[in-house]
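Novice: Okay, so here is structure_2.cif, and as you'll see once you scroll down, it has mmCIF, C-alpha atoms and all ligand atoms.
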data_entry
loop_
_atom_site.label_atom_id
_atom_site.label_comp_id
_atom_site.auth_asym_id
_atom_site.auth_seq_id
_atom_site.Cartn_x
_atom_site.Cartn_y
_atom_site.Cartn_z
CA MET A 133 0.00 0.00 0.00
CA ASN A 134 1.27 3.52 -0.83
CA PRO A 135 2.22 5.75 2.12
CA THR A 136 -0.42 8.23 3.31
CA PRO A 137 0.35 11.98 2.95
CA ALA A 138 1.20 12.00 6.68
CA GLU A 139 3.69 9.12 6.20
CA HIS A 140 5.04 10.58 2.98
CA PHE A 141 5.51 14.06 4.46
CA PRO A 142 6.27 13.63 8.17
CA PRO A 143 5.74 16.60 10.52
CA PRO A 144 8.36 19.34 10.05
CA ASP A 145 11.08 19.70 12.66
CA TRP A 146 10.36 23.19 13.97
CA ARG A 147 12.71 23.05 16.92
CA HIS A 148 15.52 24.71 14.93
CA CYS A 149 13.55 27.43 13.13
CA THR A 150 13.67 31.11 14.06
CA PRO A 151 10.48 32.66 15.39
CA PRO A 152 10.11 36.46 15.06
CA ALA A 153 12.08 38.29 17.73
CA ALA A 154 9.79 41.29 18.15
CA ALA A 155 6.51 41.34 20.04
CA PRO A 156 3.60 41.30 19.44
CA ARG A 157 3.62 37.85 17.85
CA VAL A 158 0.69 37.41 15.49
CA PRO A 159 1.14 34.05 13.76
CA LEU A 160 -0.46 33.42 10.39
CA LEU A 161 -2.88 30.55 10.25
CA TYR A 162 -3.72 29.15 6.83
CA GLU A 163 -7.16 27.80 7.47
CA PHE A 164 -10.60 26.93 6.21
CA PRO A 165 -13.73 27.74 8.24
CA GLY A 166 -15.43 24.65 9.59
CA SER A 167 -12.31 22.51 9.31
CA LEU A 168 -12.03 20.35 12.42
CA ALA A 169 -8.22 20.44 12.42
CA CYS A 170 -8.25 24.26 12.12
CA ARG A 171 -10.70 24.54 15.02
CA GLN A 172 -8.38 22.47 17.21
CA VAL A 173 -5.50 24.88 16.55
CA LYS A 174 -7.71 27.96 16.93
CA LEU A 175 -9.00 26.64 20.25
CA ALA A 176 -5.44 26.26 21.58
CA LEU A 177 -4.56 29.79 20.38
CA ALA A 178 -7.74 31.23 21.93
CA GLU A 179 -7.17 29.38 25.24
CA LYS A 180 -3.72 30.96 25.37
CA GLY A 181 -5.29 34.38 24.77
CA LEU A 182 -3.37 34.83 21.51
CA ASP A 183 -4.32 36.68 18.36
CA TRP A 184 -3.68 35.15 14.97
CA ARG A 185 -4.18 36.27 11.39
CA GLY A 186 -6.31 33.82 9.46
CA LEU A 187 -5.52 33.34 5.76
CA LEU A 188 -8.24 31.55 3.86
CA VAL A 189 -7.25 28.40 1.96
CA ASN A 190 -10.50 27.85 0.13
CA ARG A 191 -11.07 24.09 -0.14
CA LEU A 192 -14.09 24.76 -2.39
CA THR A 193 -11.86 26.27 -5.08
CA LEU A 194 -9.12 23.69 -4.34
CA ASP A 195 -6.67 26.35 -3.06
CA HIS A 196 -5.05 23.64 -0.93
CA LEU A 197 -3.71 22.04 -4.13
CA ALA A 198 -2.09 25.26 -5.44
CA PRO A 199 1.69 24.91 -5.91
CA ASP A 200 2.38 27.90 -3.60
CA TYR A 201 0.38 26.35 -0.78
CA LEU A 202 1.96 22.91 -1.32
CA GLY A 203 5.30 24.69 -0.84
CA LEU A 204 4.15 25.45 2.73
CA ASN A 205 2.22 22.27 3.42
CA PRO A 206 3.28 19.38 1.18
CA ARG A 207 0.29 17.31 2.37
CA GLY A 208 -2.15 19.79 0.80
CA GLU A 209 -4.17 20.05 4.01
CA VAL A 210 -5.20 22.80 6.38
CA PRO A 211 -4.10 24.11 8.83
CA THR A 212 -0.58 25.48 8.41
CA LEU A 213 0.90 27.89 10.92
CA VAL A 214 3.59 30.41 9.95
CA ASP A 215 5.42 32.32 12.67
CA GLY A 216 8.49 34.16 11.34
CA ASP A 217 10.69 31.55 9.67
CA CYS A 218 8.78 28.72 11.32
CA VAL A 219 6.35 26.91 9.03
CA VAL A 220 4.45 24.16 10.81
CA TYR A 221 1.89 21.69 9.47
CA ASP A 222 0.38 18.55 11.02
CA THR A 223 -2.21 19.54 13.61
CA VAL A 224 -0.60 17.87 16.62
CA SER A 225 2.75 19.46 15.72
CA ILE A 226 1.08 22.87 15.41
CA LEU A 227 -0.59 22.41 18.80
CA ARG A 228 2.78 21.64 20.37
CA TYR A 229 4.41 24.60 18.62
CA VAL A 230 1.65 26.94 19.82
CA ASP A 231 2.17 25.86 23.39
CA GLU A 232 5.95 25.61 23.44
CA ARG A 233 6.88 28.61 21.33
CA LEU A 234 4.10 31.16 21.82
CA PRO A 235 3.33 33.13 24.99
CA GLY A 236 0.29 32.60 27.22
CA PRO A 237 -0.74 30.14 29.92
CA PRO A 238 0.79 26.68 29.38
CA LEU A 239 -1.46 23.98 27.94
CA THR A 240 1.04 21.22 28.71
CA PRO A 241 0.93 19.85 32.27
CA ALA A 242 4.07 20.25 34.38
CA ASP A 243 3.45 16.89 36.06
CA PRO A 244 5.23 14.15 34.03
CA ALA A 245 2.42 11.59 34.44
CA ALA A 246 -0.19 14.11 33.26
CA ARG A 247 2.09 15.13 30.37
CA GLN A 248 2.38 11.51 29.34
CA ARG A 249 -1.41 11.17 29.42
CA MET A 250 -1.73 14.30 27.27
CA ASP A 251 0.73 12.87 24.72
CA GLN A 252 -1.17 9.58 24.62
CA TRP A 253 -4.53 11.26 24.11
CA LEU A 254 -3.11 13.49 21.38
CA GLU A 255 -1.94 10.39 19.52
CA VAL A 256 -5.26 8.59 20.08
CA GLN A 257 -7.10 11.63 18.75
CA ARG A 258 -4.77 11.84 15.74
CA ARG A 259 -5.79 8.32 14.73
CA LEU A 260 -9.56 8.91 14.94
CA PRO A 261 -10.98 8.32 11.45
CA MET A 262 -12.60 11.76 11.33
CA PRO A 263 -12.13 12.53 7.58
CA GLU A 264 -13.90 9.26 6.67
CA LEU A 265 -16.70 9.80 9.19
CA GLU A 266 -17.24 13.42 8.18
CA LEU A 267 -17.64 12.39 4.56
CA ALA A 268 -19.74 9.32 5.25
CA LEU A 269 -22.07 10.63 7.95
CA ALA A 270 -22.65 14.27 6.95
CA GLY A 271 -26.33 14.45 6.08
CA GLY A 272 -28.36 16.50 3.59
CA TRP A 273 -26.82 18.74 0.93
CA ARG A 274 -23.61 19.11 2.95
CA GLY A 275 -22.83 15.39 2.73
CA HIS A 276 -23.61 15.27 -1.00
CA PHE A 277 -21.58 18.40 -1.62
CA TRP A 278 -18.42 17.21 0.14
CA ARG A 279 -18.55 13.75 -1.45
CA HIS A 280 -18.94 15.44 -4.85
CA GLN A 281 -16.07 17.77 -3.94
CA LEU A 282 -13.85 14.75 -3.19
CA ARG A 283 -14.55 13.32 -6.66
CA ARG A 284 -13.77 16.76 -8.16
CA GLU A 285 -10.51 16.76 -6.26
CA ALA A 286 -9.56 13.35 -7.72
CA VAL A 287 -10.17 14.66 -11.26
CA ALA A 288 -8.19 17.85 -10.57
CA LEU A 289 -5.31 15.87 -9.06
CA ASN A 290 -5.10 13.55 -12.07
CA ARG A 291 -4.94 16.57 -14.36
CA ARG A 292 -2.32 18.33 -12.24
CA LEU A 293 -0.20 15.18 -12.05
CA ARG A 294 0.22 15.37 -15.81
CA ARG A 295 0.87 19.14 -15.87
CA HIS A 296 3.14 19.89 -12.89
CA THR A 297 5.65 17.08 -12.92
CA GLY A 298 7.77 18.96 -10.34
CA LEU A 299 5.03 18.38 -7.75
CA ALA A 300 4.20 14.84 -8.82
CA ASP A 301 5.03 13.46 -5.36
CA HIS A 302 2.65 15.85 -3.65
CA PHE A 303 -0.20 15.28 -6.08
CA GLN A 304 0.27 11.51 -6.15
CA SER A 305 0.23 11.22 -2.37
CA ARG A 306 -2.89 13.42 -2.09
CA LEU A 307 -4.55 11.47 -4.92
CA ASP A 308 -3.84 8.16 -3.15
CA GLU A 309 -5.47 9.59 -0.04
CA VAL A 310 -8.52 10.86 -1.95
CA LEU A 311 -8.93 7.47 -3.67
CA ARG A 312 -8.57 5.69 -0.34
CA LEU A 313 -11.32 7.91 1.13
CA LEU A 314 -13.57 7.33 -1.88
CA SER A 315 -13.12 3.58 -1.60
CA THR A 316 -13.81 3.63 2.18
CA LEU A 317 -17.04 5.52 1.49
CA GLN A 318 -18.21 2.60 -0.67
CA SER A 319 -18.09 0.18 2.24
CA ARG A 320 -20.79 0.37 4.93
CA GLY A 321 -18.92 -2.30 6.91
CA GLU A 322 -15.77 -0.16 6.95
CA ILE A 323 -17.69 2.92 8.13
CA ARG A 324 -19.37 0.85 10.84
CA ARG A 325 -15.90 -0.33 11.97
CA GLN A 326 -14.73 3.29 12.14
CA VAL A 327 -17.72 4.28 14.28
CA ASP A 328 -16.81 1.33 16.55
CA THR A 329 -13.23 2.66 16.76
CA CYS A 330 -14.62 5.99 18.00
CA ALA A 331 -16.92 4.22 20.45
CA ALA A 332 -13.95 2.32 21.93
CA VAL A 333 -11.93 5.56 22.30
CA LEU A 334 -14.87 7.30 23.98
CA THR A 335 -15.29 4.41 26.43
CA ARG A 336 -11.62 4.79 27.36
CA LEU A 337 -12.12 8.54 27.74
CA GLU A 338 -15.07 7.90 30.08
CA GLY A 339 -12.73 5.88 32.30
CA THR A 340 -10.09 8.63 32.30
CA LEU A 341 -12.68 11.28 33.15
CA ALA A 342 -13.62 9.29 36.27
CA ALA A 343 -10.16 10.13 37.65
CA HIS A 344 -9.87 13.82 36.61
CA PRO A 345 -11.97 16.50 34.91
CA PHE A 346 -9.85 16.85 31.73
CA ALA A 347 -8.24 14.30 29.44
CA ALA A 348 -4.74 14.68 30.92
CA GLY A 349 -5.53 15.75 34.48
CA GLU A 350 -6.88 18.60 36.55
CA ASP A 351 -6.42 21.36 33.94
CA PHE A 352 -7.31 22.02 30.32
CA SER A 353 -4.45 20.84 28.07
CA LEU A 354 -3.64 20.41 24.38
CA ALA A 355 -5.43 17.05 24.54
CA ASP A 356 -8.69 18.88 25.33
CA ALA A 357 -8.03 21.41 22.54
CA ALA A 358 -7.91 18.38 20.23
CA PHE A 359 -10.82 16.42 21.73
CA GLY A 360 -13.28 19.30 22.22
CA PRO A 361 -13.75 20.14 18.52
CA ALA A 362 -13.58 16.41 17.62
CA LEU A 363 -16.48 15.64 20.00
CA GLU A 364 -18.36 18.70 18.78
CA ARG A 365 -17.95 17.40 15.21
CA MET A 366 -19.09 13.90 16.21
CA ALA A 367 -22.19 15.47 17.77
CA ALA A 368 -22.86 17.36 14.50
CA LEU A 369 -22.62 13.99 12.71
CA ARG A 370 -25.23 12.59 15.15
CA MET A 371 -22.61 10.35 16.74
CA ASP A 372 -23.60 11.77 20.14
CA ARG A 373 -25.79 8.68 20.50
CA LEU A 374 -22.47 7.01 21.45
CA TRP A 375 -22.41 8.98 24.71
CA GLY A 376 -25.92 10.47 25.02
CA GLY A 377 -28.89 8.99 26.91
CA GLY A 378 -26.68 8.21 29.92
CA ARG A 379 -24.37 5.86 27.96
CA LEU A 380 -21.15 7.74 28.75
CA PRO A 381 -22.25 10.48 31.19
CA ARG A 382 -18.75 11.78 31.92
CA VAL A 383 -18.02 12.28 28.23
CA ALA A 384 -21.35 14.13 27.88
CA ASP A 385 -20.52 16.36 30.85
CA TYR A 386 -16.95 16.91 29.56
CA LEU A 387 -18.24 18.19 26.22
CA ASP A 388 -20.73 20.47 28.01
CA ARG A 389 -17.91 21.90 30.13
CA LEU A 390 -15.71 22.43 27.08
CA ARG A 391 -18.55 24.12 25.18
CA ALA A 392 -19.07 26.49 28.11
CA ARG A 393 -15.51 27.82 27.87
CA PRO A 394 -15.38 31.32 26.29
CA ALA A 395 -12.57 30.32 23.88
CA PHE A 396 -14.64 27.42 22.56
CA ALA A 397 -17.73 29.57 21.98
CA ARG A 398 -15.57 32.24 20.32
CA ILE A 399 -13.96 29.98 17.73
CA LEU A 400 -17.29 28.36 16.80
CA ALA A 401 -19.00 31.76 16.44
CA GLU A 402 -16.15 33.23 14.35
CA ASP A 403 -16.25 30.29 11.96
CA THR A 404 -19.89 30.74 11.05
CA THR A 405 -20.36 34.49 10.48
CA PRO A 406 -22.18 35.43 7.22
CA ALA A 407 -19.05 37.34 6.09
CA ARG A 408 -16.89 34.21 6.43
CA ARG A 409 -19.46 32.10 4.59
CA ALA A 410 -19.61 34.66 1.77
CA ARG A 411 -15.78 34.71 1.44
CA VAL A 412 -15.82 30.94 1.00
CA TRP A 413 -18.87 30.54 -1.24
CA LEU A 414 -18.67 33.57 -3.57
CA PRO A 415 -15.46 32.52 -5.36
CA TYR A 416 -16.94 29.06 -5.85
CA LEU A 417 -20.43 30.13 -6.93
CA SER A 418 -19.74 33.24 -9.05
CA PRO A 419 -18.06 31.53 -12.07
CA ARG A 420 -20.78 28.87 -12.02
CA LEU A 421 -23.52 31.50 -11.89
CA ALA A 422 -21.83 33.45 -14.70
CA VAL A 423 -21.80 30.31 -16.89
CA ALA A 424 -25.47 29.61 -16.06
CA VAL A 425 -26.44 33.20 -17.02
CA LEU A 426 -24.47 32.95 -20.28
CA VAL A 427 -26.13 29.62 -21.15
CA LEU A 428 -29.57 31.12 -20.47
CA LEU A 429 -28.77 34.20 -22.58
CA ALA A 430 -27.47 32.02 -25.43
CA ALA A 431 -30.60 29.84 -25.22
CA GLY A 432 -32.80 32.97 -25.28
CA LEU A 433 -30.95 34.37 -28.30
CA SER A 434 -31.18 31.10 -30.25
CA LEU A 435 -34.91 30.95 -29.51
CA GLN A 436 -35.35 34.51 -30.85
CA VAL A 437 -33.44 33.61 -34.04
CA LEU A 438 -35.55 30.48 -34.52
CA LEU A 439 -38.96 32.15 -33.92
N1 LIG B 501 -3.94 14.86 9.70
C1 LIG B 501 -4.06 16.23 9.35
C2 LIG B 501 -5.46 16.68 9.50
C3 LIG B 501 -5.75 17.86 8.66
C4 LIG B 501 -6.94 17.63 7.80
O1 LIG B 501 -7.48 16.51 7.68
N2 LIG B 501 -7.37 18.68 7.17
C5 LIG B 501 -8.49 18.59 6.26
C6 LIG B 501 -9.54 19.61 6.65
S1 LIG B 501 -10.12 19.36 8.30
C7 LIG B 501 -7.99 18.94 4.88
O2 LIG B 501 -7.29 19.91 4.70
N3 LIG B 501 -8.35 18.14 3.88
C8 LIG B 501 -7.95 18.43 2.53
C9 LIG B 501 -9.00 17.97 1.56
O3 LIG B 501 -10.11 17.71 1.97
O4 LIG B 501 -8.69 17.92 0.41
C10 LIG B 501 -3.19 17.12 10.22
O5 LIG B 501 -2.72 16.57 11.19
O6 LIG B 501 -3.00 18.31 9.95
#
Do you think you could lay out the structure here as structure tokens?

Specialist:
Amino acid sequence: MNPTPAEHFPPPDWRHCTPPAAAPRVPLLYEFPGSLACRQVKLALAEKGLDWRGLLVNRLTLDHLAPDYLGLNPRGEVPTLVDGDCVVYDTVSILRYVDERLPGPPLTPADPAARQRMDQWLEVQRRLPMPELELALAGGWRGHFWRHQLRREAVALNRRLRRHTGLADHFQSRLDEVLRLLSTLQSRGEIRRQVDTCAAVLTRLEGTLAAHPFAAGEDFSLADAAFGPALERMAALRMDRLWGGGRLPRVADYLDRLRARPAFARILAEDTTPARRARVWLPYLSPRLAVAVLVLLAAGLSLQVLL
């Protein structure tokens, strides 16, 4: 089997890069509204009380496959964080960078046992099959749209593979991933197995939450910045039946407590403003609307000529 984009392009080693010397530090976050991975990073930034400048990578217009963006993030995914000379991709790596290199209250426990728990939960969260579940379980027009978008991406990647041979590695690895996702979506059994994987993780989380209020210990940590948006997304996909109705009461209470945090409410609200939606949808819709208007005009003209 071909390596996944994450295996092909391992996380960058940011420990030797040079962050900007002067304050205030306002890192750039290449992001897409609604992206789970972006919300995890934004939650960590917001919990640390930091400002960031968001730069839209519009997944609707396939901006994440543009050669310039692949130069920053060879996986062709969002988010990517740029802070001076430091360019970081891979969500868990960005979370660690944010906490280790940027100011604000620490989100990594000082206690070694709690730190180890945080690291374990970050890795468990990283392996949750969220891209598959988001595509398979999203209902209504949203589900249809994103599955259609994935097929569009496969066509675009095939075309780009022929045109930009210099980036063949990047396009091939992304194409393999897109084809893997498309094939997973064909199999109900596979999706059921992935839901079971989540259920097993949540049962483990329930056990952990019996010992302390957050995933790693007594305080909010990077593990909660990762799990909060992931649970929120599962709830949006109606996977909350895994913990609702008294099944996993501590997980239910944990999500309620995370939702009640001001940083959490802020990042969700900022993601869904009408202005943000317009910035994403207008570049996608306007050329399509223009073509539709032209087709209608041409049809009207031909009718006039005929009659
Ligand atoms: N494993 C990735 C997760 C990032 C990810 O899956 N990003 C999604 C959006 S939430 C993405 O950019 N997908 C590209 C696509 O759909 O083509 C990481 O650690 O950064």

Novice: Using only C-alpha atoms and all ligand atoms, I'd like a table of the residues in chain A that come within 8 Å of ligand LIG 501 (chain B); for each, show the closest atom pair and its distance in Å rounded to one decimal, ordered by chain and ascending number, as a tab-separated table.

Specialist:
residue	atom	partner	partner_atom	distance
A:Ala138	CA	B:LIG501	N1	6.6
A:Phe164	CA	B:LIG501	C6	7.4
A:Gly166	CA	B:LIG501	S1	7.6
A:Ser167	CA	B:LIG501	S1	4.0
A:Leu168	CA	B:LIG501	S1	4.6
A:Ala169	CA	B:LIG501	S1	4.7
A:Cys170	CA	B:LIG501	S1	6.5
A:Arg191	CA	B:LIG501	O4	6.6
A:Leu194	CA	B:LIG501	O4	7.5
A:His196	CA	B:LIG501	C8	6.9
A:Leu197	CA	B:LIG501	O4	7.9
A:Gly208	CA	B:LIG501	C8	6.2
A:Glu209	CA	B:LIG501	O2	3.2
A:Val210	CA	B:LIG501	O2	3.9
A:Pro211	CA	B:LIG501	O6	6.0
A:Thr212	CA	B:LIG501	O6	7.7
A:Tyr221	CA	B:LIG501	O6	6.0
A:Asp222	CA	B:LIG501	O6	3.6
A:Thr223	CA	B:LIG501	O5	3.9
A:Val224	CA	B:LIG501	O5	6.0
A:Ser225	CA	B:LIG501	O5	7.7
A:Arg258	CA	B:LIG501	N1	6.8
A:Met262	CA	B:LIG501	O1	7.9
A:Pro263	CA	B:LIG501	O1	6.1
A:Leu282	CA	B:LIG501	O3	7.0
A:Glu285	CA	B:LIG501	O4	7.0
A:Arg306	CA	B:LIG501	O4	7.8
A:Val310	CA	B:LIG501	O4	7.4

Novice: Contacts of A:Arg409 at 12 Å or less, counting all atoms listed in the file, minus same-chain residues fewer than 5 places along, as a ChimeraX atom specification?

Specialist: /A:164-166,188,190,192,401-404,414-417

Novice: Which stretch 222-316 of chain A residues have any atom within 9 Å of an atom of stretch 369-393 of chain A, and for each, what is the nearest pair of atoms with distance in Å to one decimal, counting all atoms listed in the file, rows sorted by chain and number, as a Markdown table?

Specialist:
| residue | atom | partner | partner_atom | distance |
| --- | --- | --- | --- | --- |
| A:Leu265 | CA | A:Leu369 | CA | 8.1 |
| A:Glu266 | CA | A:Leu369 | CA | 7.1 |
| A:Leu269 | CA | A:Leu369 | CA | 5.9 |
| A:Ala270 | CA | A:Leu369 | CA | 5.8 |
| A:Gly271 | CA | A:Leu369 | CA | 7.6 |

Novice: With C-alpha atoms retained, could you export that selection as a PDB file, keeping the file's coordinate frame?

Specialist:
ATOM      1  CA  LEU A 265     -16.700   9.800   9.190  1.00  0.00           C
ATOM      2  CA  GLU A 266     -17.240  13.420   8.180  1.00  0.00           C
ATOM      3  CA  LEU A 269     -22.070  10.630   7.950  1.00  0.00           C
ATOM      4  CA  ALA A 270     -22.650  14.270   6.950  1.00  0.00           C
ATOM      5  CA  GLY A 271     -26.330  14.450   6.080  1.00  0.00           C
TER       6      GLY A 271
END

Novice: Enter the distance from atom CA of A:Arg283 to atom CA of A:Thr297, in Å, rounded to one decimal.

Specialist: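 Distance between the two atoms: 21.5 Å.
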
Novice: What is the distance, in Å and to one decimal place, between atom CA of A:Ala347 and atom CA of A:Pro241?

Specialist: 11.1 Å

Novice: Please compute the atom CA of A:Val173-atom CA of A:Arg233 distance, one decimal, in Å.

Specialist: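 One can read the atom CA of A:Val173 to atom CA of A:Arg233 distance as 13.8 Å.
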
Novice: Enclose the full set of atoms of stretch 282-288 of chain A listed in the file within a box whose edges lie along x, y and z, apply 5 Å of padding to each of the six sides, and report centre and edge lengths in Å to one decimal as JSON.

Specialist:
{"center_x": -11.4, "center_y": 15.6, "center_z": -7.2, "size_x": 16.4, "size_y": 14.5, "size_z": 18.1}

Novice: Excluding A:Val327 and any residue of its chain fewer than 2 positions from it, enumerate the residues within 10 Å of it, using only C-alpha atoms, and give them as a PyMOL selection string.

Specialist: chain A and resi 260-262+264-265+269+321-325+329-333+366+371+374

Novice: In terms of the shortest atom-to-atom distance over only C-alpha atoms, which of A:Arg284, A:His148, A:Arg291, A:Arg207 is closest to A:Ser305?

Specialist: A:Arg207

Novice: A:Arg279: which residues within 9 Å, counting all atoms listed in the file, same-chain residues fewer than 4 positions away excluded, as a list in words?

Specialist: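 Everything that qualifies: Leu267, Ala268, Arg274, Gly275, Arg283, Arg284, Leu314 and Leu317 of chain A.
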
Novice: Print the selection's residues with C-alpha atoms to a file, as an mmCIF file, in the coordinates of the input.

Specialist:
data_model
loop_
_atom_site.group_PDB
_atom_site.id
_atom_site.type_symbol
_atom_site.label_atom_id
_atom_site.label_comp_id
_atom_site.auth_asym_id
_atom_site.auth_seq_id
_atom_site.Cartn_x
_atom_site.Cartn_y
_atom_site.Cartn_z
ATOM 1 C CA LEU A 267 -17.640 12.390 4.560
ATOM 2 C CA ALA A 268 -19.740 9.320 5.250
ATOM 3 C CA ARG A 274 -23.610 19.110 2.950
ATOM 4 C CA GLY A 275 -22.830 15.390 2.730
ATOM 5 C CA ARG A 283 -14.550 13.320 -6.660
ATOM 6 C CA ARG A 284 -13.770 16.760 -8.160
ATOM 7 C CA LEU A 314 -13.570 7.330 -1.880
ATOM 8 C CA LEU A 317 -17.040 5.520 1.490
#

Novice: From the set A:Arg312, A:Arg365, A:Arg292, A:His280, which residue has the shortest atom-to-atom contact distance to A:Asn134, counting all atoms listed in the file?

Specialist: A:Arg312

Novice: Using only C-alpha atoms, pick whichever of A:Asp217, A:Asp231, A:Leu289, A:Trp278 has the shortest atom-to-atom distance to A:Leu204.

Specialist: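 Looking only at the distances to A:Leu204, the closest residue turns out to be A:Asp217.
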
Novice: From the block I gave, I'd like stretch 387-405 of chain A written with N, CA and C atoms, as a PDB file, in the first residue's frame.

Specialist:
ATOM      1  N   LEU A 387     -17.980  17.348  27.394  1.00  0.00           N
ATOM      2  CA  LEU A 387     -18.243  18.187  26.221  1.00  0.00           C
ATOM      3  C   LEU A 387     -19.026  19.439  26.634  1.00  0.00           C
ATOM      4  N   ASP A 388     -19.987  19.295  27.540  1.00  0.00           N
ATOM      5  CA  ASP A 388     -20.735  20.474  28.007  1.00  0.00           C
ATOM      6  C   ASP A 388     -19.787  21.488  28.644  1.00  0.00           C
ATOM      7  N   ARG A 389     -18.850  20.979  29.454  1.00  0.00           N
ATOM      8  CA  ARG A 389     -17.914  21.903  30.130  1.00  0.00           C
ATOM      9  C   ARG A 389     -16.991  22.569  29.116  1.00  0.00           C
ATOM     10  N   LEU A 390     -16.581  21.820  28.087  1.00  0.00           N
ATOM     11  CA  LEU A 390     -15.709  22.430  27.075  1.00  0.00           C
ATOM     12  C   LEU A 390     -16.480  23.486  26.283  1.00  0.00           C
ATOM     13  N   ARG A 391     -17.733  23.174  25.945  1.00  0.00           N
ATOM     14  CA  ARG A 391     -18.550  24.124  25.181  1.00  0.00           C
ATOM     15  C   ARG A 391     -18.777  25.425  25.947  1.00  0.00           C
ATOM     16  N   ALA A 392     -18.794  25.304  27.277  1.00  0.00           N
ATOM     17  CA  ALA A 392     -19.074  26.492  28.106  1.00  0.00           C
ATOM     18  C   ALA A 392     -17.860  27.410  28.225  1.00  0.00           C
ATOM     19  N   ARG A 393     -16.697  26.976  27.752  1.00  0.00           N
ATOM     20  CA  ARG A 393     -15.506  27.821  27.868  1.00  0.00           C
ATOM     21  C   ARG A 393     -15.583  28.941  26.827  1.00  0.00           C
ATOM     22  N   PRO A 394     -15.259  30.197  27.226  1.00  0.00           N
ATOM     23  CA  PRO A 394     -15.382  31.322  26.286  1.00  0.00           C
ATOM     24  C   PRO A 394     -14.594  31.102  24.991  1.00  0.00           C
ATOM     25  N   ALA A 395     -13.393  30.507  25.095  1.00  0.00           N
ATOM     26  CA  ALA A 395     -12.566  30.316  23.883  1.00  0.00           C
ATOM     27  C   ALA A 395     -13.283  29.405  22.885  1.00  0.00           C
ATOM     28  N   PHE A 396     -13.949  28.392  23.416  1.00  0.00           N
ATOM     29  CA  PHE A 396     -14.642  27.417  22.559  1.00  0.00           C
ATOM     30  C   PHE A 396     -15.789  28.114  21.819  1.00  0.00           C
ATOM     31  N   ALA A 397     -16.595  28.865  22.593  1.00  0.00           N
ATOM     32  CA  ALA A 397     -17.732  29.569  21.979  1.00  0.00           C
ATOM     33  C   ALA A 397     -17.224  30.555  20.927  1.00  0.00           C
ATOM     34  N   ARG A 398     -16.095  31.221  21.236  1.00  0.00           N
ATOM     35  CA  ARG A 398     -15.574  32.238  20.317  1.00  0.00           C
ATOM     36  C   ARG A 398     -15.168  31.633  18.976  1.00  0.00           C
ATOM     37  N   ILE A 399     -14.436  30.508  19.013  1.00  0.00           N
ATOM     38  CA  ILE A 399     -13.965  29.976  17.731  1.00  0.00           C
ATOM     39  C   ILE A 399     -15.120  29.418  16.892  1.00  0.00           C
ATOM     40  N   LEU A 400     -16.135  28.870  17.572  1.00  0.00           N
ATOM     41  CA  LEU A 400     -17.288  28.360  16.798  1.00  0.00           C
ATOM     42  C   LEU A 400     -18.045  29.527  16.163  1.00  0.00           C
ATOM     43  N   ALA A 401     -18.233  30.615  16.946  1.00  0.00           N
ATOM     44  CA  ALA A 401     -19.002  31.757  16.439  1.00  0.00           C
ATOM     45  C   ALA A 401     -18.258  32.401  15.270  1.00  0.00           C
ATOM     46  N   GLU A 402     -16.926  32.550  15.405  1.00  0.00           N
ATOM     47  CA  GLU A 402     -16.154  33.234  14.346  1.00  0.00           C
ATOM     48  C   GLU A 402     -16.173  32.459  13.032  1.00  0.00           C
ATOM     49  N   ASP A 403     -16.292  31.139  13.154  1.00  0.00           N
ATOM     50  CA  ASP A 403     -16.249  30.290  11.960  1.00  0.00           C
ATOM     51  C   ASP A 403     -17.515  30.400  11.111  1.00  0.00           C
ATOM     52  N   THR A 404     -18.604  30.851  11.750  1.00  0.00           N
ATOM     53  CA  THR A 404     -19.889  30.736  11.050  1.00  0.00           C
ATOM     54  C   THR A 404     -20.538  32.099  10.767  1.00  0.00           C
ATOM     55  N   THR A 405     -19.747  33.177  10.766  1.00  0.00           N
ATOM     56  CA  THR A 405     -20.359  34.487  10.477  1.00  0.00           C
ATOM     57  C   THR A 405     -20.751  34.530   8.994  1.00  0.00           C
TER      58      THR A 405
END
